[in-house]
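Novice: The structure's right below; bear with me while I get my questions together.
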Amino acid sequence: MMASIVSRALALLCLVVLASALSGHDQTSAGALIFVLAGQSNMAGRGGVCVDRWDGVVPPQCRPSRSILRLDARLRWEVAREPLHADIDVNKSCGVGPGMPFAHALLTSSLLPRQPPPEIGLVPCAVGGTSIQEWARGTALYGSLVLRARSATAAGRLAAVLWYQGESDTVAREDAEAYGGRMERLIQDLRADLFSPELRLIQVALASGEGNFTEVVRQAQKGIKLPNVACVDGRGLPLEADHVHLTTKAQVKLGKMLAEAYLSLTVMAD
Ligand SMILES: *[C@@H]1O[C@H](CO)[C@@H](O)[C@H](O)[C@H]1NC(C)=O
Ligand SMILES: *[C@@H]1O[C@H](CO)[C@@H](O)[C@H](O)[C@H]1NC(C)=O
């Protein structure tokens, strides 16, 4: 009798130890709001990057907070800090992106319930220079996004995907014209593979492009008609000297715009 209680207690203890080892050192509480950050360079963040070097400037809206965690490349939670994509978009110099200012804007919003205290889990997945076909179901990027998102949901609820991509699809007319259909396909595939048929997705309509068909991609982005999909317009946000990448200031503004769009999608649903 005693032996069986002891062995059961031991088994339980092992499970608890295993579970906490699996979820890493900085754990999110079970109620964290999880956001996947995906797309190309402007989601990965190039704010403050000049000639492949980040200036290291972190504005107050991007500072680390105990309430904002990130899933690192090894699937462990840690306190999030800039550059958020440093261990994900590894072949590029990363700087400030929209993720941190987005999380800060959510945390200070009166629309987010205060009890229990909100906690945000960011799942960086963006990689610079990638076209939408490189994100289609079956690709390495798609597989990695799904794996990271699924792994993250052990710690909370998948609240939305933030998507900023398409600059690479502005070079060839065929790609720009196919963008809308490819994006809708991607959203439907993600919803199926993340077991989240109502998953919210917020896109950024391009602020810049690598080619001549930026307007075609922007119109496709604004024209997505699926439910629970919103689009914020990046047009006019200040760009770095390369005319492609958002400045740090622009990323702070974009983070707020994304938070407002997320909250209005959420409020509409409730
Ligand atoms: C980085 O470059 C290596 C070598 O070209 C490549 O195999 C890898 O996929 C790249 N990773 C990312 C995240 O771009
Ligand atoms: C855009 O169009 C101009 C004028 O037709 C052309 O010279 C340029 O090469 C094009 N740019 C790209 C990236 O295709």
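Please note that chains go A, B, ... in the order of the structure tokens, that every chain numbers its residues from 1, and that ligands are numbered from 1 in the order shown.
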Could you find all residues in region 98-246 of chain A that DSSP calls strand (DSSP E) from the backbone, and write them as a PyMOL selection string?

Specialist: chain A and resi 120-124+156-164+200-205+229-233

Novice: Could you give me, as number ranges by chain, every polymer residue with an atom at most 8 Å away from an atom of ligand 1, counting only C-alpha atoms and all ligand atoms?

Specialist: A: 88-92, 127-128

Novice: Point out the residue among A:Gly180, A:Pro101, A:Gly211, A:Gly129 with the least atom-to-atom distance to ligand 2, counting only C-alpha atoms and all ligand atoms.

Specialist: A:Gly211

Novice: Between A:Val146, A:Ala178, A:Ala86, A:Leu112, single out the one closest to Ser131 (chain A), counting only C-alpha atoms.

Specialist: A:Ala178

Novice: Rank nothing, just name the residue among A:Ala155, A:Cys62, A:Leu106, A:Leu37 nearest to Trp77 (chain A), using only C-alpha atoms.

Specialist: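 The closest residue to Trp77 (chain A) is A:Ala155.
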
Novice: Enumerate, in order of chain and increasing residue number, the residues of chain A with an atom no farther than 7 Å from ligand 2, each with its shortest atom pair and distance in Å to one decimal, counting only C-alpha atoms and all ligand atoms, as a Markdown table.

Specialist:
```
| residue | atom | partner | partner_atom_place_in_ligand_line | distance |
| --- | --- | --- | --- | --- |
| A:Val171 | CA | ligand 2 | 13 (C) | 5.3 |
| A:Glu210 | CA | ligand 2 | 13 (C) | 6.2 |
| A:Gly211 | CA | ligand 2 | 13 (C) | 3.9 |
| A:Asn212 | CA | ligand 2 | 1 (C) | 4.9 |
```

Novice: Can you tell me, as a ChimeraX atom specification, which residues in region 16-166 of chain A count as alpha helix (DSSP H) by DSSP?

Specialist: /A:16-22,41-44,99-107,140-152

Novice: What is the CA of Arg63 (chain A) to CA of Gly99 (chain A) distance in Å?

Specialist: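 Separating CA of Arg63 (chain A) from CA of Gly99 (chain A) is a distance of 11.1 Å.
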
Novice: Can you tell me which residues surround Met257 (chain A) at a distance of at most 12 Å, considering only C-alpha atoms, apart from same-chain residues fewer than 3 positions away, and format the answer as a list of chain:residue names?

Specialist: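 Non-adjacent residues within range: A:Pro98, A:Gly99, A:Pro101, A:Phe102, A:Ala103, A:His104, A:Ala105, A:Leu106, A:Leu162, A:Ile202, A:Gln203, A:Val204, A:Ala205, A:Ala230, A:Cys231, A:Val232, A:Asp233, A:Gly234, A:Leu237, A:Ala250, A:Gln251, A:Val252, A:Lys253, A:Leu254, A:Glu260, A:Ala261, A:Tyr262, A:Leu263, A:Ser264.
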
Novice: Identify, on the basis of only C-alpha atoms, every residue whose closest approach to Trp135 (chain A) does not exceed 10 Å; exclude the query and any residue fewer than 2 positions from it along the same chain; express the result as a list in words.

Specialist: Ala38, Gly39, Thr130, Ser131, Ile132, Gln133, Arg137, Gly138, Thr139, Ala140, Leu141, Tyr142, Gly143, Ser144, Leu145, Arg182, Met183 and Leu186 of chain A

Novice: Rounded to one decimal, what separation in Å do you get between CA of Ala220 (chain A) and CA of Leu265 (chain A)?

Specialist: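 These atoms are spaced 19.9 Å apart.
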
Novice: With distances taken over only C-alpha atoms, which of A:Glu134, A:Gln61, A:Pro83, A:Pro238 is nearest to Leu107 (chain A)?

Specialist: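 Among the listed residues, A:Gln61 lies closest to Leu107 (chain A).
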
Novice: Kindly indicate which residue among A:Trp54, A:Phe213, A:Tyr164, A:Phe35 lies nearest to Glu82 (chain A), using only C-alpha atoms for the distances.

Specialist: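 Among the listed residues, A:Trp54 lies closest to Glu82 (chain A).
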
Novice: Which is closest to Ala172 (chain A) among A:Arg185, A:Gly209, A:Pro197, A:Arg150, if we use only C-alpha atoms?

Specialist: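 Of the candidates, the smallest distance to Ala172 (chain A) is held by A:Gly209.
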
Novice: Using CA of Leu75 (chain A) and CA of Ala160 (chain A) as the two end points, give the distance in Å to one decimal.

Specialist: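 That distance, rounded to one decimal, is 18.5 Å.
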